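Read the structure below first, then the notes.
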Amino acid sequence: MTIENPSLNLQADWSYDPAPQSIEHVTIKDSYELFIDGKFTSSKDGSYRDNINPATEKTLTKVAEAGAEDVERAVEAARQAYEGPWSKMPAAERGKFLFRIARMIQERSRELAIIESMDGGKPIRESRDIDIPLAAAHFFYYAGWSDKLDYAFPGRQAQSIGVAAQIIPWNFPLLMAAWKLAPALAAGNTLVLKPAETTPLTALILADILREAGLPPGVVNIVTGDGELGRQLVRHPGVDKIAFTGSTVVGKEIMRALAGKGKRFTLELGGKAANIIFADAAIDQAIEGIVNSIFFNQGHVCCAGSRLFVEESVAQEVTQKLRERMETLIVGDPLDKNTDIGAINSIDQLKRIQAYVEIGKQEGGELYQSNCILPDTGYWHAPTLFTNVSQSHRIVQEEIFGPVLAVQTFRTVDEVIDKANNTPYGLSGGVWTDKGAKIFKVTRNIRAGVIWANTFNKFDPVSPFGGYKESGMGREGGVEGLLPYLNLKTNTQ
Amino acid sequence: MNDRMDVRKTHKMFINGKFARSESDRTYNWTTPDNKDSINICHASRKDFRDSVSAAKNALSGWSARTAYNRAQIIYRCAEILEGRSAQFIEELRAQGLNTEDATEEVRQTIDLLVYYAGWADKYGQLFSSVNPVAAPYFNFTVLEATGVVAIIAPQESGLLGIIAAIAPTLVGGNTCVALISQDHPLCASSLSETLHTSDVPAGVVNLLTGFRSELIEPFSTHMEVNALLYFGENNDEITQIETNAAENVKRVSICTNQDWEDKSSLSPYAILRTQESKTTWHPIGF
């Protein structure tokens, strides 16, 4: 197969006019406070952290930094609310709160999308079309479970656990808050949520929604701060259950901290997903799938398809088409509706990605980066791919959490299954082929919790999500997503 | 006839489908509660455990790929064989201090437990899997799969029912396992191995070790090829040690108590779910 015009220069031949999302109707306050016991409150010691827009490096606002005493207050408020109104409320009424919250997220969706993009750097198209609608959908889905829990697990009576502490990452701030809060509330628990230190704003707007929705004080408390605050929550004796989404390193630290404590926990950790392209796949669709698998959300995705496996006979064609497609990706202003790849979430993350790219080069990988022009200020990384790498390379083994793809080839189905499974992770995987039987052979043998066949990076509240092996334990989404927040009793207990 | 010397059994472990002594050649001396007999029981080493994990790992893909119907029949076959050998197990349980009535009851309960879980093999998946109505044109379904290699620290209080209550749901779910038999009630280990061996349980699917908890908890909980661990007991120091070590490869640890096996009300498919992972698959609808 010959490529007609491999030097097609889309930058020169076509250009897009800016299509900026208006931010007129969005107000970002001068400061944001903790949300404890239904009230916005400054932290006990009055400290704040500056909140940076990663696309401009400018300070957006400042956010209260919670300390140990604030954790006490939040856990106490959650306990009071659990023993008070929330556990006494009829389940159907509990559900109606969640339905109402879902609706109010929809009503304020554009505001939430804009602030999400300003706070975290993700393209407005993604926050507008994916993050925020899915967050609302999660509340809507779990709302209906509230009064149907006894049908969820046959032969068992479902009971709430108590106070849960929930720690979420910066890659999908509001969506992760929804993944955590909605099933936990439907199951009748009360919560202390800790957003990531770089992306707390939409969670605090959600707090405003919860307040407006009339949710009883203390049912959801939101404390903002860094990893140390997370540690305090994990160790707090008044917390009955921990739910964490983040890195595998921290997940293991949480497991050690909870050893022997008899506390329930669920972990959604890192990944290094294999995305497998067979020669009989619809190649052009697969190219779109590859782009989506690794460049979606700047590659800040735990389930990103960061290891690409291409059947040898089409490897040249696929990598060539992929390079051409990468040239068309628009990197830049997250608030421009044309933008495909926004800002890297923080300077720390940018440095981490750059360090991995250096490692990849030193280990002999062949680097290709698109010729996009990166803005002068802000944190940016061009879409990057490495060929000539093998299983032992660090960029193949370790999670980079950025727009960096490592490409390998294979000849047989068994070979690629072995290679795909040669990782301590097991969160997700992808397979592209036109043959149904091959899909089932591969999807059955990949040791991962979510597999996309002829698609990638699709999410839905009814669809369980979570990992095998070192990618975590427990599922979020679907019926199974209720399980982490319930005690199952036999009818005699 | 009275002067005939009885032929005593050498008590061995069961590793990779073979009856084996410890590679360390160590034994510990176990005395019957009535102090009449003293028996040498294999004292498993860390190396025995590692060999067992290799065997279990090798057996995993074959066992988990078998049809649920086939796994059901093999586990039912274990019940059949155990029924035929009831007298032998009753005798061993009596030697470990039970009266005849309790020994008979434990054997019957064990057989019934095997029959119960055999029946679940092709059903729990139907009950706990799902087709998920996503809000887009995709077919999306969730199925259960085996967690992998499971290390089992069997209940100390029982020589037969406890261990089978741990193993049966693990096998039904397509996992393979390495189990440490009760240190205080080790006599059934060999007979149990013979039962598994004659029931078409493939080599390596179940590995049975005898030895000391205190010594083996460390390798059981640190081994990187072990995906899950079932601990039966209430010793918080042991639980803390296990759960701390489990972090190294994010092992799934289940802390089980006597309530999880002692009586019939403990039987449930939720015991199978302890060692299951759910996998969700997406595929577009249309072309």
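Each chain in the structure tokens gets a letter, A, B, ..., in the order shown, and its residues are numbered from 1; ligands are numbered from 1 in order too.
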
Need to verify the contact set: Tyr142 (chain A), 6 Å, only C-alpha atoms, exclusion of same-chain residues closer than 6 positions in sequence. Can you return it as a list of chain:residue names?
A:Ala182, A:Pro183, A:Ala186

I need the residues from that last selection saved to file as an mmCIF file, in the first residue's frame (with N, CA and C atoms), if you can.
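Contents of part-v2.cif, as written:
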```cif
data_model
loop_
_atom_site.group_PDB
_atom_site.id
_atom_site.type_symbol
_atom_site.label_atom_id
_atom_site.label_comp_id
_atom_site.auth_asym_id
_atom_site.auth_seq_id
_atom_site.Cartn_x
_atom_site.Cartn_y
_atom_site.Cartn_z
ATOM 1 N N ALA A 182 -22.292 9.143 43.906
ATOM 2 C CA ALA A 182 -23.638 8.669 43.558
ATOM 3 C C ALA A 182 -23.945 7.272 44.121
ATOM 4 N N PRO A 183 -23.094 6.246 43.871
ATOM 5 C CA PRO A 183 -23.437 4.935 44.420
ATOM 6 C C PRO A 183 -23.397 4.910 45.947
ATOM 7 N N ALA A 186 -26.621 6.504 47.166
ATOM 8 C CA ALA A 186 -27.762 5.616 46.894
ATOM 9 C C ALA A 186 -27.799 4.482 47.907
#
```

With the cut-off set at 10 Å and counting only C-alpha atoms, tabulate each residue of chain B with an atom at most that distance from an atom of chain A, showing the nearest atom pair and its distance in Å to one decimal, ordered by chain and increasing number, as a tab-separated table.
```
residue	atom	partner	partner_atom	distance
B:Ser61	CA	A:Asn445	CA	9.1
B:Ala65	CA	A:Asn445	CA	9.6
B:Leu127	CA	A:Pro154	CA	8.3
B:Phe128	CA	A:Phe153	CA	8.4
B:Ser129	CA	A:Glu480	CA	9.4
B:Ser130	CA	A:Val479	CA	8.6
B:Val131	CA	A:Ser463	CA	8.8
B:Asn132	CA	A:Val462	CA	5.8
B:Pro133	CA	A:Val462	CA	6.6
B:Val134	CA	A:Asp460	CA	5.9
B:Ala135	CA	A:Asp460	CA	7.1
B:Ala136	CA	A:Asp460	CA	8.8
B:Tyr138	CA	A:Thr455	CA	9.3
B:Asn140	CA	A:Ser463	CA	7.3
B:Phe141	CA	A:Ser463	CA	7.8
B:Thr142	CA	A:Pro464	CA	7.4
B:Val143	CA	A:Arg444	CA	9.7
B:Leu144	CA	A:Gly449	CA	9.8
B:Glu145	CA	A:Arg444	CA	8.9
B:Ala146	CA	A:Arg447	CA	9.9
B:Thr147	CA	A:Tyr468	CA	7.8
B:Gly148	CA	A:Lys469	CA	9.5
B:Met224	CA	A:Pro424	CA	9.7
B:Val226	CA	A:Lys469	CA	9.9
B:Asn227	CA	A:Lys469	CA	7.0
B:Ala228	CA	A:Lys469	CA	9.5
B:Asn235	CA	A:Gly260	CA	9.6
B:Asn236	CA	A:Gly260	CA	6.2
B:Asp237	CA	A:Gly260	CA	7.5
B:Glu238	CA	A:Gly260	CA	8.4
B:Ile239	CA	A:Gly260	CA	5.5
B:Thr240	CA	A:Gly260	CA	4.0
B:Gln241	CA	A:Ala259	CA	7.5
B:Ile242	CA	A:Ala259	CA	7.8
B:Glu243	CA	A:Ala259	CA	4.8
B:Thr244	CA	A:Arg256	CA	4.6
B:Asn245	CA	A:Arg256	CA	7.7
B:Ala246	CA	A:Met255	CA	7.9
B:Ala247	CA	A:Lys252	CA	4.9
B:Glu248	CA	A:Lys252	CA	6.7
B:Asn249	CA	A:Glu470	CA	5.8
B:Val250	CA	A:Glu470	CA	5.2
B:Lys251	CA	A:Lys469	CA	7.4
B:Arg252	CA	A:Met473	CA	7.5
B:Ile255	CA	A:Gly262	CA	8.8
B:Ser265	CA	A:Thr490	CA	8.7
B:Ser266	CA	A:Thr490	CA	9.2
B:Ser268	CA	A:Gly155	CA	8.7
B:Pro269	CA	A:Pro154	CA	9.6
B:Tyr270	CA	A:Phe153	CA	9.5
B:Gln276	CA	A:Tyr468	CA	9.8
B:Glu277	CA	A:Tyr468	CA	6.8
B:Ser278	CA	A:Gly449	CA	6.1
B:Lys279	CA	A:Gly449	CA	4.3
B:Thr280	CA	A:Val450	CA	4.7
B:Thr281	CA	A:Ile451	CA	4.7
B:Trp282	CA	A:Trp452	CA	4.8
B:His283	CA	A:Ala453	CA	5.1
B:Pro284	CA	A:Asn454	CA	6.9
```

Between CA of Ile124 (chain A) and CA of Ile341 (chain A) lies a distance of 9.9 Å

Name the residues of region 10-81 of chain B that come out as alpha helix (DSSP H) in a backbone DSSP run; write them as a PyMOL selection string.
chain B and resi 46-65+68-81

Written file, previous selection with C-alpha atoms, as an mmCIF file, in the first residue's frame:
```cif
data_model
loop_
_atom_site.group_PDB
_atom_site.id
_atom_site.type_symbol
_atom_site.label_atom_id
_atom_site.label_comp_id
_atom_site.auth_asym_id
_atom_site.auth_seq_id
_atom_site.Cartn_x
_atom_site.Cartn_y
_atom_site.Cartn_z
ATOM 1 C CA ARG B 46 8.995 -21.962 51.498
ATOM 2 C CA LYS B 47 10.386 -23.843 48.518
ATOM 3 C CA ASP B 48 7.502 -26.328 48.673
ATOM 4 C CA PHE B 49 5.168 -23.358 48.583
ATOM 5 C CA ARG B 50 6.947 -21.808 45.609
ATOM 6 C CA ASP B 51 6.824 -25.118 43.734
ATOM 7 C CA SER B 52 3.124 -25.358 44.491
ATOM 8 C CA VAL B 53 2.487 -21.848 43.199
ATOM 9 C CA SER B 54 4.325 -22.693 39.965
ATOM 10 C CA ALA B 55 2.144 -25.773 39.580
ATOM 11 C CA ALA B 56 -1.006 -23.780 40.306
ATOM 12 C CA LYS B 57 0.028 -21.066 37.872
ATOM 13 C CA ASN B 58 0.681 -23.614 35.129
ATOM 14 C CA ALA B 59 -2.650 -25.301 35.745
ATOM 15 C CA LEU B 60 -4.621 -22.052 35.769
ATOM 16 C CA SER B 61 -5.238 -21.449 32.075
ATOM 17 C CA GLY B 62 -6.363 -25.031 31.489
ATOM 18 C CA TRP B 63 -8.646 -25.186 34.514
ATOM 19 C CA SER B 64 -10.254 -21.797 34.004
ATOM 20 C CA ALA B 65 -10.812 -22.553 30.314
ATOM 21 C CA ALA B 68 -18.422 -24.817 33.749
ATOM 22 C CA TYR B 69 -20.245 -28.108 33.140
ATOM 23 C CA ASN B 70 -16.936 -29.960 33.225
ATOM 24 C CA ARG B 71 -15.793 -28.262 36.430
ATOM 25 C CA ALA B 72 -19.161 -29.098 37.971
ATOM 26 C CA GLN B 73 -18.755 -32.762 37.104
ATOM 27 C CA ILE B 74 -15.243 -32.956 38.512
ATOM 28 C CA ILE B 75 -16.305 -31.365 41.794
ATOM 29 C CA TYR B 76 -19.336 -33.638 41.938
ATOM 30 C CA ARG B 77 -16.965 -36.528 41.318
ATOM 31 C CA CYS B 78 -15.001 -35.440 44.408
ATOM 32 C CA ALA B 79 -18.226 -35.816 46.388
ATOM 33 C CA GLU B 80 -18.783 -39.293 44.939
ATOM 34 C CA ILE B 81 -15.295 -40.437 45.821
#
```

In Å, how far is it from CA of Thr202 (chain A) to CA of Asp119 (chain A)?
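Calculated distance between CA of Thr202 (chain A) and CA of Asp119 (chain A) is 8.4 Å.
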
What lies within 8 Å of region 159-163 of chain B using only C-alpha atoms, ignoring chain neighbours under 2 positions off, as a list in words?
Leu93, Glu106, Val107, Gln109, Thr110, Ala154, Pro155, Gln156, Glu157, Ala165, Ala166, Ile167, Ala179, Ile181, Ser182, His185, Pro186, Leu187, Cys188, Ala189, Trp261 and Glu262 of chain B

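The gap separating CA of Phe172 (chain A) from CA of Leu206 (chain A) is 13.9 Å, in Å to one decimal.
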